[in-house]
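J.: My structure file coords_2.cif, mmCIF, C-alpha atoms, is below:
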data_final
#
loop_
_atom_site.label_atom_id
_atom_site.label_comp_id
_atom_site.auth_asym_id
_atom_site.auth_seq_id
_atom_site.Cartn_x
_atom_site.Cartn_y
_atom_site.Cartn_z
CA GLU A 12 77.41 -55.21 93.92
CA GLU A 13 76.15 -57.43 91.45
CA PRO A 14 73.70 -56.11 89.17
CA LYS A 15 70.28 -57.58 89.51
CA PRO A 16 69.38 -59.63 86.63
CA THR A 17 66.66 -58.04 84.65
CA LYS A 18 63.45 -59.92 84.55
CA SER A 19 62.20 -61.06 81.26
CA PHE A 20 58.96 -59.83 79.87
CA GLY A 21 57.22 -63.13 80.65
CA ALA A 22 58.40 -63.01 84.27
CA LYS A 23 57.13 -59.46 84.62
CA ILE A 24 53.69 -60.21 83.20
CA LEU A 25 53.15 -63.60 84.90
CA PRO A 26 52.01 -62.18 88.29
CA TRP A 27 49.47 -59.98 86.51
CA ILE A 28 48.14 -62.90 84.48
CA LEU A 29 47.87 -65.00 87.63
CA THR A 30 46.05 -62.17 89.43
CA ALA A 31 43.63 -61.72 86.50
CA LEU A 32 43.07 -65.47 86.29
CA ILE A 33 42.35 -65.71 90.03
CA ALA A 34 39.98 -62.71 89.79
CA PHE A 35 38.23 -64.31 86.81
CA ILE A 36 37.82 -67.65 88.62
CA ALA A 37 36.56 -65.82 91.71
CA GLY A 38 34.03 -63.92 89.54
CA VAL A 39 32.83 -67.12 87.90
CA ALA A 40 32.48 -68.74 91.35
CA VAL A 41 30.50 -65.75 92.61
CA LEU A 42 28.24 -65.86 89.52
CA PHE A 43 27.76 -69.62 89.94
CA PHE A 44 26.80 -69.43 93.62
CA VAL A 45 24.85 -66.17 93.43
CA LEU A 46 22.97 -66.50 90.13
CA TYR A 47 23.21 -70.00 88.70
CA GLN A 48 22.76 -72.17 91.81
CA PRO A 49 19.53 -70.42 93.03
CA LYS A 50 18.10 -70.60 89.50
CA VAL A 51 18.81 -74.33 89.35
CA THR A 52 17.18 -74.81 92.76
CA THR A 53 14.15 -72.76 91.69
CA LEU A 54 13.85 -74.66 88.41
CA LYS A 55 14.08 -78.01 90.23
CA ALA A 56 11.33 -76.88 92.62
CA ASP A 57 9.21 -75.72 89.65
CA LEU A 58 9.81 -79.04 87.90
CA LEU A 59 8.69 -80.97 90.98
CA ALA A 60 5.60 -78.76 91.32
CA SER A 61 4.79 -79.30 87.63
CA GLN A 62 5.18 -83.04 88.03
CA GLU A 63 2.86 -83.02 91.05
CA ALA A 64 0.34 -80.90 89.14
CA ALA A 65 0.55 -83.29 86.19
CA SER A 66 0.04 -86.22 88.55
CA THR A 67 -2.96 -84.49 90.14
CA SER A 68 -4.35 -83.63 86.70
CA SER A 69 -3.89 -87.24 85.64
CA GLN A 70 -5.79 -88.42 88.72
CA LYS A 71 -8.53 -85.88 88.04
CA LEU A 72 -8.70 -87.01 84.41
CA SER A 73 -8.95 -90.63 85.54
CA THR A 74 -11.73 -89.68 87.97
CA ALA A 75 -13.49 -87.69 85.25
CA GLU A 76 -13.27 -90.64 82.83
CA THR A 77 -14.76 -92.93 85.49
CA ASP A 78 -17.53 -90.41 86.15
CA LEU A 79 -18.17 -90.13 82.41
CA ALA A 80 -18.47 -93.90 82.05
CA LEU A 81 -20.84 -93.99 85.01
CA SER A 82 -22.87 -91.13 83.55
CA GLN A 83 -23.07 -92.88 80.20
CA THR A 84 -24.29 -96.05 81.91
CA ASN A 85 -26.86 -94.02 83.83
CA LEU A 86 -27.94 -92.30 80.60
CA GLU A 87 -28.39 -95.63 78.85
CA THR A 88 -30.41 -96.90 81.81
CA ALA A 89 -32.50 -93.72 81.81
CA ASN A 90 -33.08 -93.97 78.04
CA THR A 91 -34.19 -97.56 78.45
CA SER A 92 -36.51 -96.53 81.28
CA VAL A 93 -37.88 -93.65 79.22
CA SER A 94 -38.46 -96.00 76.30
CA ASP A 95 -40.24 -98.52 78.53
CA LEU A 96 -42.31 -95.81 80.19
CA THR A 97 -43.21 -94.32 76.81
CA THR A 98 -44.39 -97.72 75.66
CA GLN A 99 -46.40 -98.15 78.86
CA LEU A 100 -47.88 -94.66 78.46
CA THR A 101 -48.87 -95.38 74.85
CA THR A 102 -50.48 -98.63 75.94
CA ALA A 103 -52.28 -96.89 78.80
CA GLN A 104 -53.55 -94.22 76.40
CA GLN A 105 -54.81 -96.92 74.05
CA TYR A 106 -56.62 -98.64 76.90
CA SER A 107 -58.05 -95.32 78.00
CA LEU A 108 -59.42 -94.67 74.50
CA ILE A 109 -60.75 -98.22 74.23
CA TYR A 110 -62.50 -98.05 77.62
CA LYS A 111 -63.98 -94.65 76.74
CA PHE A 112 -65.16 -96.15 73.46
CA GLN A 113 -66.66 -99.07 75.37
CA ALA A 114 -68.40 -96.73 77.82
CA ASP A 115 -69.94 -94.74 74.96
CA VAL A 116 -71.11 -97.96 73.28
CA ASN A 117 -72.72 -98.98 76.58
CA ALA A 118 -74.36 -95.55 76.86
CA ALA A 119 -75.80 -95.95 73.36
CA ARG A 120 -77.06 -99.46 74.19
CA VAL A 121 -78.70 -98.26 77.42
CA ALA A 122 -80.33 -95.33 75.61
CA LEU A 123 -81.71 -97.73 73.00
CA LEU A 124 -83.02 -100.07 75.69
CA LYS A 125 -84.75 -97.09 77.32
CA LEU A 126 -86.22 -96.22 73.91
CA ASP A 127 -84.42 -92.86 73.84
CA PRO A 128 -83.19 -92.47 70.24
CA ALA A 129 -81.95 -88.88 70.78
CA SER A 130 -79.56 -89.92 73.57
CA SER A 131 -78.53 -92.96 71.57
CA LEU A 132 -77.76 -90.75 68.56
CA GLN A 133 -75.68 -88.47 70.78
CA ALA A 134 -73.79 -91.49 72.12
CA LEU A 135 -73.24 -92.72 68.55
CA ASN A 136 -71.67 -89.35 67.67
CA PHE A 137 -69.31 -89.75 70.64
CA ILE A 138 -68.55 -93.29 69.45
CA LYS A 139 -67.50 -91.92 66.03
CA VAL A 140 -65.10 -89.49 67.72
CA ASP A 141 -63.76 -92.31 69.90
CA LEU A 142 -63.14 -94.47 66.85
CA ALA A 143 -61.35 -91.60 65.07
CA ASP A 144 -59.12 -91.12 68.16
CA LEU A 145 -58.44 -94.85 68.31
CA GLU A 146 -57.47 -94.92 64.62
CA LYS A 147 -54.83 -92.24 65.31
CA THR A 148 -52.94 -94.55 67.69
CA ASP A 149 -50.50 -97.20 66.50
CA LEU A 150 -53.12 -99.87 67.01
CA ASP A 151 -53.26 -102.39 64.16
CA ALA A 152 -55.93 -101.43 61.62
CA ASP A 153 -57.09 -105.05 61.45
CA ALA A 154 -57.83 -104.97 65.19
CA ILE A 155 -60.54 -102.35 64.71
CA ALA A 156 -61.72 -103.52 61.30
CA GLY A 157 -65.49 -103.59 61.03
CA PHE A 158 -66.09 -101.04 63.80
CA LYS A 159 -67.11 -98.32 61.32
CA GLU A 160 -69.59 -100.66 59.63
CA ARG A 161 -71.20 -101.53 62.97
CA ILE A 162 -71.46 -97.84 63.91
CA THR A 163 -72.97 -96.99 60.51
CA GLU A 164 -75.39 -99.92 60.83
CA ALA A 165 -76.44 -98.81 64.32
CA GLU A 166 -76.93 -95.21 63.15
CA THR A 167 -78.85 -96.20 60.01
CA ASN A 168 -81.26 -98.51 61.84
CA LEU A 169 -81.68 -96.25 64.89
CA ALA A 170 -84.97 -94.69 63.84
CA ILE A 171 -86.24 -97.48 61.60
CA GLU A 172 -85.37 -100.70 63.44
CA PRO A 173 -83.92 -100.09 66.90
CA SER A 174 -83.49 -103.83 67.46
CA LYS A 175 -81.01 -104.06 64.55
CA SER A 176 -79.25 -101.00 65.89
CA LEU A 177 -79.04 -102.63 69.32
CA ALA A 178 -77.71 -105.85 67.74
CA ALA A 179 -75.00 -103.83 65.92
CA LEU A 180 -74.04 -102.10 69.19
CA ASP A 181 -73.97 -105.46 71.00
CA THR A 182 -71.65 -106.83 68.31
CA LEU A 183 -69.48 -103.72 68.60
CA TYR A 184 -69.36 -104.15 72.39
CA ASN A 185 -68.33 -107.82 72.05
CA ASN A 186 -65.67 -106.85 69.49
CA LEU A 187 -64.32 -104.30 71.98
CA LEU A 188 -64.15 -106.98 74.69
CA PHE A 189 -62.29 -109.23 72.27
CA LEU A 190 -59.90 -106.37 71.40
CA ILE A 191 -59.20 -105.66 75.08
CA SER A 192 -58.52 -109.30 75.87
CA ASN A 193 -56.10 -109.59 72.94
CA LEU A 194 -54.13 -106.44 73.82
CA LYS A 195 -53.01 -107.80 77.19
#
Could you express the structure from this file as structure tokens?

T.:
Amino acid sequence: EEPKPTKSFGAKILPWILTALIAFIAGVAVLFFVLYQPKVTTLKADLLASQEAASTSSQKLSTAETDLALSQTNLETANTSVSDLTTQLTTAQQYSLIYKFQADVNAARVALLKLDPASSLQALNFIKVDLADLEKTDLDADAIAGFKERITEAETNLAIEPSKSLAALDTLYNNLLFLISNLK
């Protein structure tokens, strides 16, 4: 019998290296399919969900910007309306004070015509208050210039010469009519 040739060290170890290499490749394949592939799928799904959320957020931001622009336009319109209404209210308050002033002047004139100096004096006191209220408004000072002098003249001549007092009140009344017609 022929002796079997002895295998070299490389020939003896080669099957073990091949077995280890196959086991290693099998382990890597198992790790890839069991751990890595599901993670990649999950991360892709998360990425798509994030992109959709970003898209939705972008749409919401766009809607919010449009709403903000609309709100700013509405605010500007409201501020303009408030400004206009404030101006109208101020004008209405001025007219209210002027008409009250005119009514008190008429009351003083009627009291003088009825020869009732006490009622006329009371009306003159109300006229002074009305003038003070009118001076507090933003009405031009030149528009009510001379009103104090007429009131003082009417008050001074009330007991002494009622006719001069009545003339001063008539002048004051005409000045008020002129003021009203020029405010419109």

J.: Find the distance between CA of Asn186 in chain A and CA of Leu150 in chain A and write it in Å to one decimal.

T.: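 Computing the Euclidean distance for CA of Asn186 in chain A and CA of Leu150 in chain A yields 14.6 Å.
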
J.: Could you jot down the CA of Lys55 in chain A to CA of Gln70 in chain A separation for me, Å, one decimal place?

T.: 22.5 Å

J.: Grab the CA of Ala134 in chain A to CA of Ser192 in chain A distance for me, in Å with one decimal place.

T.: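 Value for the CA of Ala134 in chain A-CA of Ser192 in chain A distance: 23.8 Å.
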
J.: Restricting the calculation to only C-alpha atoms: of A:Ile109, A:Leu79, A:Leu59, A:Ala122, which residue gets closest to Pro173 in chain A?

T.: A:Ala122

J.: Could you tell me which residues the PyMOL selection byres ((chain A and resi 179) around 10) returns for this structure, as an MDAnalysis selection string?

T.: chainID A and resid 120 158 160:166 168 173:178 180:185

J.: For Ala156 in chain A, which of A:Leu142, A:Leu29, A:Ala56, A:Leu42 is the closest residue, counting all atoms listed in the file?

T.: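 Of A:Leu142, A:Leu29, A:Ala56, A:Leu42, the one nearest Ala156 in chain A, counting all atoms listed in the file, is A:Leu142.
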
J.: Start from the incomplete input, build all heavy atoms for range 145-156 of chain A, and deliver everything as a PDB file, in the frame of the given file.

T.:
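File produced: selection.pdb:
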ATOM      1  N   LEU A 145     -59.066 -93.534  68.237  1.00  0.00           N
ATOM      2  CA  LEU A 145     -58.440 -94.850  68.310  1.00  0.00           C
ATOM      3  C   LEU A 145     -57.659 -95.163  67.024  1.00  0.00           C
ATOM      4  O   LEU A 145     -56.607 -95.793  67.075  1.00  0.00           O
ATOM      5  CB  LEU A 145     -59.506 -95.914  68.565  1.00  0.00           C
ATOM      6  CG  LEU A 145     -59.068 -97.243  69.130  1.00  0.00           C
ATOM      7  CD1 LEU A 145     -58.308 -97.055  70.427  1.00  0.00           C
ATOM      8  CD2 LEU A 145     -60.261 -98.146  69.354  1.00  0.00           C
ATOM      9  N   GLU A 146     -58.163 -94.693  65.894  1.00  0.00           N
ATOM     10  CA  GLU A 146     -57.470 -94.920  64.620  1.00  0.00           C
ATOM     11  C   GLU A 146     -56.155 -94.137  64.555  1.00  0.00           C
ATOM     12  O   GLU A 146     -55.248 -94.509  63.816  1.00  0.00           O
ATOM     13  CB  GLU A 146     -58.369 -94.527  63.445  1.00  0.00           C
ATOM     14  CG  GLU A 146     -59.506 -95.508  63.216  1.00  0.00           C
ATOM     15  CD  GLU A 146     -60.502 -95.035  62.168  1.00  0.00           C
ATOM     16  OE1 GLU A 146     -60.572 -93.807  61.894  1.00  0.00           O
ATOM     17  OE2 GLU A 146     -61.219 -95.887  61.626  1.00  0.00           O
ATOM     18  N   LYS A 147     -56.041 -93.053  65.319  1.00  0.00           N
ATOM     19  CA  LYS A 147     -54.830 -92.240  65.310  1.00  0.00           C
ATOM     20  C   LYS A 147     -53.688 -92.894  66.089  1.00  0.00           C
ATOM     21  O   LYS A 147     -52.537 -92.509  65.934  1.00  0.00           O
ATOM     22  CB  LYS A 147     -55.105 -90.852  65.915  1.00  0.00           C
ATOM     23  CG  LYS A 147     -55.985 -89.997  65.050  1.00  0.00           C
ATOM     24  CD  LYS A 147     -56.287 -88.679  65.731  1.00  0.00           C
ATOM     25  CE  LYS A 147     -57.336 -87.896  64.961  1.00  0.00           C
ATOM     26  NZ  LYS A 147     -57.728 -86.674  65.697  1.00  0.00           N
ATOM     27  N   THR A 148     -53.986 -93.862  66.923  1.00  0.00           N
ATOM     28  CA  THR A 148     -52.940 -94.550  67.690  1.00  0.00           C
ATOM     29  C   THR A 148     -52.249 -95.561  66.780  1.00  0.00           C
ATOM     30  O   THR A 148     -52.651 -95.773  65.629  1.00  0.00           O
ATOM     31  CB  THR A 148     -53.531 -95.269  68.918  1.00  0.00           C
ATOM     32  OG1 THR A 148     -54.406 -96.304  68.473  1.00  0.00           O
ATOM     33  CG2 THR A 148     -54.271 -94.290  69.812  1.00  0.00           C
ATOM     34  N   ASP A 149     -51.219 -96.211  67.304  1.00  0.00           N
ATOM     35  CA  ASP A 149     -50.500 -97.200  66.500  1.00  0.00           C
ATOM     36  C   ASP A 149     -51.123 -98.591  66.606  1.00  0.00           C
ATOM     37  O   ASP A 149     -50.467 -99.592  66.356  1.00  0.00           O
ATOM     38  CB  ASP A 149     -49.025 -97.239  66.904  1.00  0.00           C
ATOM     39  CG  ASP A 149     -48.818 -97.642  68.350  1.00  0.00           C
ATOM     40  OD1 ASP A 149     -49.790 -97.665  69.118  1.00  0.00           O
ATOM     41  OD2 ASP A 149     -47.661 -97.935  68.723  1.00  0.00           O
ATOM     42  N   LEU A 150     -52.386 -98.613  66.934  1.00  0.00           N
ATOM     43  CA  LEU A 150     -53.120 -99.870  67.010  1.00  0.00           C
ATOM     44  C   LEU A 150     -53.276-100.435  65.597  1.00  0.00           C
ATOM     45  O   LEU A 150     -53.493 -99.689  64.635  1.00  0.00           O
ATOM     46  CB  LEU A 150     -54.505 -99.610  67.636  1.00  0.00           C
ATOM     47  CG  LEU A 150     -55.316-100.800  68.088  1.00  0.00           C
ATOM     48  CD1 LEU A 150     -54.573-101.556  69.182  1.00  0.00           C
ATOM     49  CD2 LEU A 150     -56.654-100.352  68.628  1.00  0.00           C
ATOM     50  N   ASP A 151     -53.145-101.743  65.463  1.00  0.00           N
ATOM     51  CA  ASP A 151     -53.260-102.390  64.160  1.00  0.00           C
ATOM     52  C   ASP A 151     -54.635-102.131  63.569  1.00  0.00           C
ATOM     53  O   ASP A 151     -55.663-102.267  64.239  1.00  0.00           O
ATOM     54  CB  ASP A 151     -53.003-103.893  64.321  1.00  0.00           C
ATOM     55  CG  ASP A 151     -52.938-104.622  62.997  1.00  0.00           C
ATOM     56  OD1 ASP A 151     -52.678-103.961  61.970  1.00  0.00           O
ATOM     57  OD2 ASP A 151     -53.127-105.850  62.996  1.00  0.00           O
ATOM     58  N   ALA A 152     -54.662-101.754  62.295  1.00  0.00           N
ATOM     59  CA  ALA A 152     -55.930-101.430  61.620  1.00  0.00           C
ATOM     60  C   ALA A 152     -56.850-102.647  61.566  1.00  0.00           C
ATOM     61  O   ALA A 152     -58.084-102.505  61.609  1.00  0.00           O
ATOM     62  CB  ALA A 152     -55.666-100.893  60.225  1.00  0.00           C
ATOM     63  N   ASP A 153     -56.267-103.830  61.489  1.00  0.00           N
ATOM     64  CA  ASP A 153     -57.090-105.050  61.450  1.00  0.00           C
ATOM     65  C   ASP A 153     -57.798-105.287  62.792  1.00  0.00           C
ATOM     66  O   ASP A 153     -58.838-105.935  62.835  1.00  0.00           O
ATOM     67  CB  ASP A 153     -56.230-106.267  61.114  1.00  0.00           C
ATOM     68  CG  ASP A 153     -55.714-106.211  59.679  1.00  0.00           C
ATOM     69  OD1 ASP A 153     -56.335-105.510  58.857  1.00  0.00           O
ATOM     70  OD2 ASP A 153     -54.697-106.866  59.389  1.00  0.00           O
ATOM     71  N   ALA A 154     -57.231-104.765  63.867  1.00  0.00           N
ATOM     72  CA  ALA A 154     -57.830-104.970  65.190  1.00  0.00           C
ATOM     73  C   ALA A 154     -59.148-104.226  65.332  1.00  0.00           C
ATOM     74  O   ALA A 154     -60.021-104.645  66.089  1.00  0.00           O
ATOM     75  CB  ALA A 154     -56.864-104.520  66.283  1.00  0.00           C
ATOM     76  N   ILE A 155     -59.290-103.125  64.619  1.00  0.00           N
ATOM     77  CA  ILE A 155     -60.540-102.350  64.710  1.00  0.00           C
ATOM     78  C   ILE A 155     -61.324-102.387  63.406  1.00  0.00           C
ATOM     79  O   ILE A 155     -62.237-101.581  63.190  1.00  0.00           O
ATOM     80  CB  ILE A 155     -60.239-100.882  65.123  1.00  0.00           C
ATOM     81  CG1 ILE A 155     -59.238-100.223  64.185  1.00  0.00           C
ATOM     82  CG2 ILE A 155     -59.762-100.808  66.552  1.00  0.00           C
ATOM     83  CD1 ILE A 155     -58.989 -98.767  64.473  1.00  0.00           C
ATOM     84  N   ALA A 156     -60.993-103.358  62.560  1.00  0.00           N
ATOM     85  CA  ALA A 156     -61.720-103.520  61.300  1.00  0.00           C
ATOM     86  C   ALA A 156     -63.169-103.900  61.588  1.00  0.00           C
ATOM     87  O   ALA A 156     -63.461-104.699  62.469  1.00  0.00           O
ATOM     88  CB  ALA A 156     -61.058-104.591  60.443  1.00  0.00           C
TER      89      ALA A 156
END
